[in-house]
Amino acid sequence: MRFVTRRLMLLDSASLYFRAYFGVPESVKAPDGTPVNAVRGLLEFIDRLVKDHRPDDLVACMDADWRPQWRVDLIPSYKAHRVAEEHEVGPDEEEVPDTLSPQVPIIEDVLDALGIARVGVEGYEADDVIGTFTGRAPGPVDIVTGDRDLYQLVDDKRGVRVLYPLKGVGTLQLTDEAWLREKYGVDGPGYADLALLRGDPSDGLPGVPGIGEKTAAKLLAEFGDLAGIMAAVDDPKAKLTPSQRKRLDESRPYVAVAPKVVKVAGDVPLPDVDTALPHAPHDPAALDELAVRWGLGGSLQRLLSTLRA
């Protein structure tokens with residue numbers, strides 16, 4: 001008996017519409033003059049992804065909170081440089097190009113009218129939604145993202161890989177364990193430890209001073225994981241240089257809290273949604289209205305043809 005397992009594709013939506021925004025000219029506008037380059041670019045991306053990879057299920061994962069307070073409480077510098085405006089209640093406002101922000105609600109309306117599952121959960125980033133869907137998936141998972149943080153979810157045994165756009169989504173780097181080991185010397189979970197030690201200025205993560213990517217990879221190869229490295233700090237016989245031992249010892253407060261910040265959550269309370277890839281629009285009338293209002297033209301028609309096929 002042959003069992004057919006459904007393939008789930010998870011889109012890191014913000015990562016993709018940011019790329020679409022910068023990849024498609026801002027001269028692409030709706031009839032009223034509103035730029036829709038991110039909207040049309042994202043539709044083109046989804047069309048290409050569905051054509052090339054034929055997922056059975058598709059979820060557009062959203063940032064309901066791009067900078068969750070529980071992460072900031074642990075590491076106050078987390079994404080602090082991206083804050084455009086602080087709010088006492090609710091998420092802080094992220095610095096986003098002026099002509100991109102108005103396009104996000106349009107993207108959401110179009111996805112809903114198409115019937116493509118769209119999931120964001122209050123208090124969590126899209127990465128956490130992706131991590132939870134991945135953990136629960138019974139079959140293979142393709143994660144489409146321009147964010148290397150999600151390399152931590154790569155798992156060959158479960159068929160979890162990251163499709164990382166190099167140029168649009170026509171050229172994707174298929175990231176599996178073999179690729180990770182060749183590039184970084186680690187597996188998926190090891191990538192989270194490497195990122196934590198190395199730090200990431202783009203996310204406001206300080207890392208351990210003096211421990212760059214190559215040193216972090218060597219330490220992980222020597223001691224197995226972050227816990228093994230920190231145990232070695234207390235072992236005078238362990239092969240650590242005096243400066244490494246000192247810096248790791250001084251970084252204990254950071255190392256104690258950073259794993260919860262760096263590792264994607266796997267316990268997000270996901271809503272009950274139909275993730276099946278739609279073959280016809282969920283709301284054809286609403287979609288027609290959106291297509292005319294925002295001048296979505298060929299971008300939308302091509303995606304509809306691909307979904308029907």
# chains A, B, ... in the order shown; residues from 1 in each chain; ligands from 1
$ residues_around --residues "stretch 138-141 of chain A" --least-positions-apart "3" --cutoff "7 Å" --atoms "only C-alpha atoms" --output "PyMOL selection string"
chain A and resi 5-9+134+158-161
$ select_by_dssp --residues "stretch 79-177 of chain A" --states "strand (DSSP E)" --output "list of chain:residue names"
A:Val83, A:Ala84, A:Glu85, A:Glu93, A:Glu94, A:Ala117, A:Arg118, A:Val119, A:Val141, A:Asp142, A:Ile143, A:Val144, A:Val160, A:Arg161, A:Val162, A:Leu163, A:Tyr164, A:Pro165, A:Leu166, A:Lys167, A:Thr171, A:Leu172, A:Gln173, A:Leu174, A:Thr175
$ write_last_selection --atoms "N, CA and C atoms" --output "PDB file, in the first residue's frame"
ATOM      1  N   VAL A  83      12.486  50.218  15.748  1.00  0.00           N
ATOM      2  CA  VAL A  83      11.257  50.811  16.269  1.00  0.00           C
ATOM      3  C   VAL A  83      11.082  52.224  15.713  1.00  0.00           C
ATOM      4  N   ALA A  84       9.947  52.444  15.034  1.00  0.00           N
ATOM      5  CA  ALA A  84       9.648  53.782  14.508  1.00  0.00           C
ATOM      6  C   ALA A  84       8.881  54.586  15.542  1.00  0.00           C
ATOM      7  N   GLU A  85       8.004  53.904  16.286  1.00  0.00           N
ATOM      8  CA  GLU A  85       7.191  54.581  17.297  1.00  0.00           C
ATOM      9  C   GLU A  85       6.815  53.580  18.382  1.00  0.00           C
ATOM     10  N   GLU A  93       5.531  50.222  16.733  1.00  0.00           N
ATOM     11  CA  GLU A  93       5.439  50.339  15.274  1.00  0.00           C
ATOM     12  C   GLU A  93       6.818  50.141  14.653  1.00  0.00           C
ATOM     13  N   GLU A  94       6.884  49.270  13.649  1.00  0.00           N
ATOM     14  CA  GLU A  94       8.148  48.985  12.982  1.00  0.00           C
ATOM     15  C   GLU A  94       8.417  50.016  11.892  1.00  0.00           C
ATOM     16  N   ALA A 117      -4.844  30.404   3.251  1.00  0.00           N
ATOM     17  CA  ALA A 117      -4.821  30.533   4.716  1.00  0.00           C
ATOM     18  C   ALA A 117      -3.807  31.595   5.122  1.00  0.00           C
ATOM     19  N   ARG A 118      -4.239  32.485   6.020  1.00  0.00           N
ATOM     20  CA  ARG A 118      -3.384  33.569   6.501  1.00  0.00           C
ATOM     21  C   ARG A 118      -3.434  33.543   8.024  1.00  0.00           C
ATOM     22  N   VAL A 119      -2.279  33.318   8.651  1.00  0.00           N
ATOM     23  CA  VAL A 119      -2.276  33.130  10.106  1.00  0.00           C
ATOM     24  C   VAL A 119      -1.242  34.029  10.782  1.00  0.00           C
ATOM     25  N   VAL A 141       7.749  19.676   4.829  1.00  0.00           N
ATOM     26  CA  VAL A 141       7.461  21.109   4.945  1.00  0.00           C
ATOM     27  C   VAL A 141       8.503  21.910   4.164  1.00  0.00           C
ATOM     28  N   ASP A 142       8.033  22.836   3.337  1.00  0.00           N
ATOM     29  CA  ASP A 142       8.902  23.804   2.672  1.00  0.00           C
ATOM     30  C   ASP A 142       8.644  25.170   3.302  1.00  0.00           C
ATOM     31  N   ILE A 143       9.669  25.756   3.905  1.00  0.00           N
ATOM     32  CA  ILE A 143       9.560  27.081   4.511  1.00  0.00           C
ATOM     33  C   ILE A 143      10.209  28.077   3.559  1.00  0.00           C
ATOM     34  N   VAL A 144       9.432  29.046   3.097  1.00  0.00           N
ATOM     35  CA  VAL A 144       9.960  30.036   2.149  1.00  0.00           C
ATOM     36  C   VAL A 144      10.221  31.330   2.914  1.00  0.00           C
ATOM     37  N   VAL A 160      11.871  18.611   6.461  1.00  0.00           N
ATOM     38  CA  VAL A 160      11.712  20.059   6.623  1.00  0.00           C
ATOM     39  C   VAL A 160      12.928  20.760   6.017  1.00  0.00           C
ATOM     40  N   ARG A 161      12.676  21.641   5.043  1.00  0.00           N
ATOM     41  CA  ARG A 161      13.770  22.386   4.425  1.00  0.00           C
ATOM     42  C   ARG A 161      13.362  23.841   4.263  1.00  0.00           C
ATOM     43  N   VAL A 162      14.363  24.692   4.108  1.00  0.00           N
ATOM     44  CA  VAL A 162      14.113  26.118   3.893  1.00  0.00           C
ATOM     45  C   VAL A 162      14.427  26.451   2.447  1.00  0.00           C
ATOM     46  N   LEU A 163      13.493  27.127   1.788  1.00  0.00           N
ATOM     47  CA  LEU A 163      13.703  27.626   0.434  1.00  0.00           C
ATOM     48  C   LEU A 163      14.021  29.114   0.570  1.00  0.00           C
ATOM     49  N   TYR A 164      15.295  29.448   0.358  1.00  0.00           N
ATOM     50  CA  TYR A 164      15.781  30.814   0.604  1.00  0.00           C
ATOM     51  C   TYR A 164      15.950  31.527  -0.733  1.00  0.00           C
ATOM     52  N   PRO A 165      15.187  32.607  -0.968  1.00  0.00           N
ATOM     53  CA  PRO A 165      15.264  33.296  -2.262  1.00  0.00           C
ATOM     54  C   PRO A 165      16.619  33.982  -2.466  1.00  0.00           C
ATOM     55  N   LEU A 166      17.254  33.658  -3.591  1.00  0.00           N
ATOM     56  CA  LEU A 166      18.509  34.315  -3.957  1.00  0.00           C
ATOM     57  C   LEU A 166      18.232  35.444  -4.942  1.00  0.00           C
ATOM     58  N   LYS A 167      17.301  35.196  -5.860  1.00  0.00           N
ATOM     59  CA  LYS A 167      16.898  36.207  -6.837  1.00  0.00           C
ATOM     60  C   LYS A 167      15.416  35.981  -7.104  1.00  0.00           C
ATOM     61  N   THR A 171      14.977  31.661  -8.272  1.00  0.00           N
ATOM     62  CA  THR A 171      16.236  31.021  -7.880  1.00  0.00           C
ATOM     63  C   THR A 171      16.241  30.892  -6.363  1.00  0.00           C
ATOM     64  N   LEU A 172      16.036  29.664  -5.898  1.00  0.00           N
ATOM     65  CA  LEU A 172      15.955  29.413  -4.464  1.00  0.00           C
ATOM     66  C   LEU A 172      17.114  28.526  -4.012  1.00  0.00           C
ATOM     67  N   GLN A 173      17.656  28.843  -2.868  1.00  0.00           N
ATOM     68  CA  GLN A 173      18.655  27.967  -2.249  1.00  0.00           C
ATOM     69  C   GLN A 173      17.897  26.943  -1.407  1.00  0.00           C
ATOM     70  N   LEU A 174      17.976  25.678  -1.771  1.00  0.00           N
ATOM     71  CA  LEU A 174      17.306  24.620  -1.020  1.00  0.00           C
ATOM     72  C   LEU A 174      18.190  24.232   0.161  1.00  0.00           C
ATOM     73  N   THR A 175      17.804  24.678   1.321  1.00  0.00           N
ATOM     74  CA  THR A 175      18.621  24.496   2.515  1.00  0.00           C
ATOM     75  C   THR A 175      18.191  23.246   3.265  1.00  0.00           C
TER      76      THR A 175
END
$ residues_around --residues "stretch 182-186 of chain A" --least-positions-apart "5" --cutoff "9 Å" --atoms "only C-alpha atoms" --output "PyMOL selection string"
chain A and resi 177+191+194+213-214+217-218+220-221
$ write_last_selection --atoms "C-alpha atoms" --output "PDB file, in the first residue's frame"
ATOM      1  CA  GLU A 177      21.163  19.498   6.623  1.00  0.00           C
ATOM      2  CA  TYR A 191      22.202  26.760  13.827  1.00  0.00           C
ATOM      3  CA  LEU A 194      25.555  29.278  16.420  1.00  0.00           C
ATOM      4  CA  GLU A 213      30.719  32.552  13.234  1.00  0.00           C
ATOM      5  CA  LYS A 214      33.801  30.404  12.644  1.00  0.00           C
ATOM      6  CA  ALA A 217      31.110  26.565  14.717  1.00  0.00           C
ATOM      7  CA  LYS A 218      34.418  25.199  16.089  1.00  0.00           C
ATOM      8  CA  LEU A 220      29.952  23.542  18.708  1.00  0.00           C
ATOM      9  CA  ALA A 221      31.942  20.872  16.848  1.00  0.00           C
TER      10      ALA A 221
END
$ residues_around --residues "stretch 245-258 of chain A" --least-positions-apart "6" --cutoff "7 Å" --atoms "only C-alpha atoms" --output "list of chain:residue names"
A:Leu74, A:Leu196, A:Val208, A:Pro209, A:Val233
$ write_last_selection --atoms "C-alpha atoms" --output "PDB file, in the first residue's frame"
ATOM      1  CA  LEU A  74      14.670  39.041  28.127  1.00  0.00           C
ATOM      2  CA  LEU A 196      23.066  32.937  19.574  1.00  0.00           C
ATOM      3  CA  VAL A 208      29.255  36.669  22.911  1.00  0.00           C
ATOM      4  CA  PRO A 209      32.019  39.260  22.341  1.00  0.00           C
ATOM      5  CA  VAL A 233      33.819  26.896  30.811  1.00  0.00           C
TER       6      VAL A 233
END
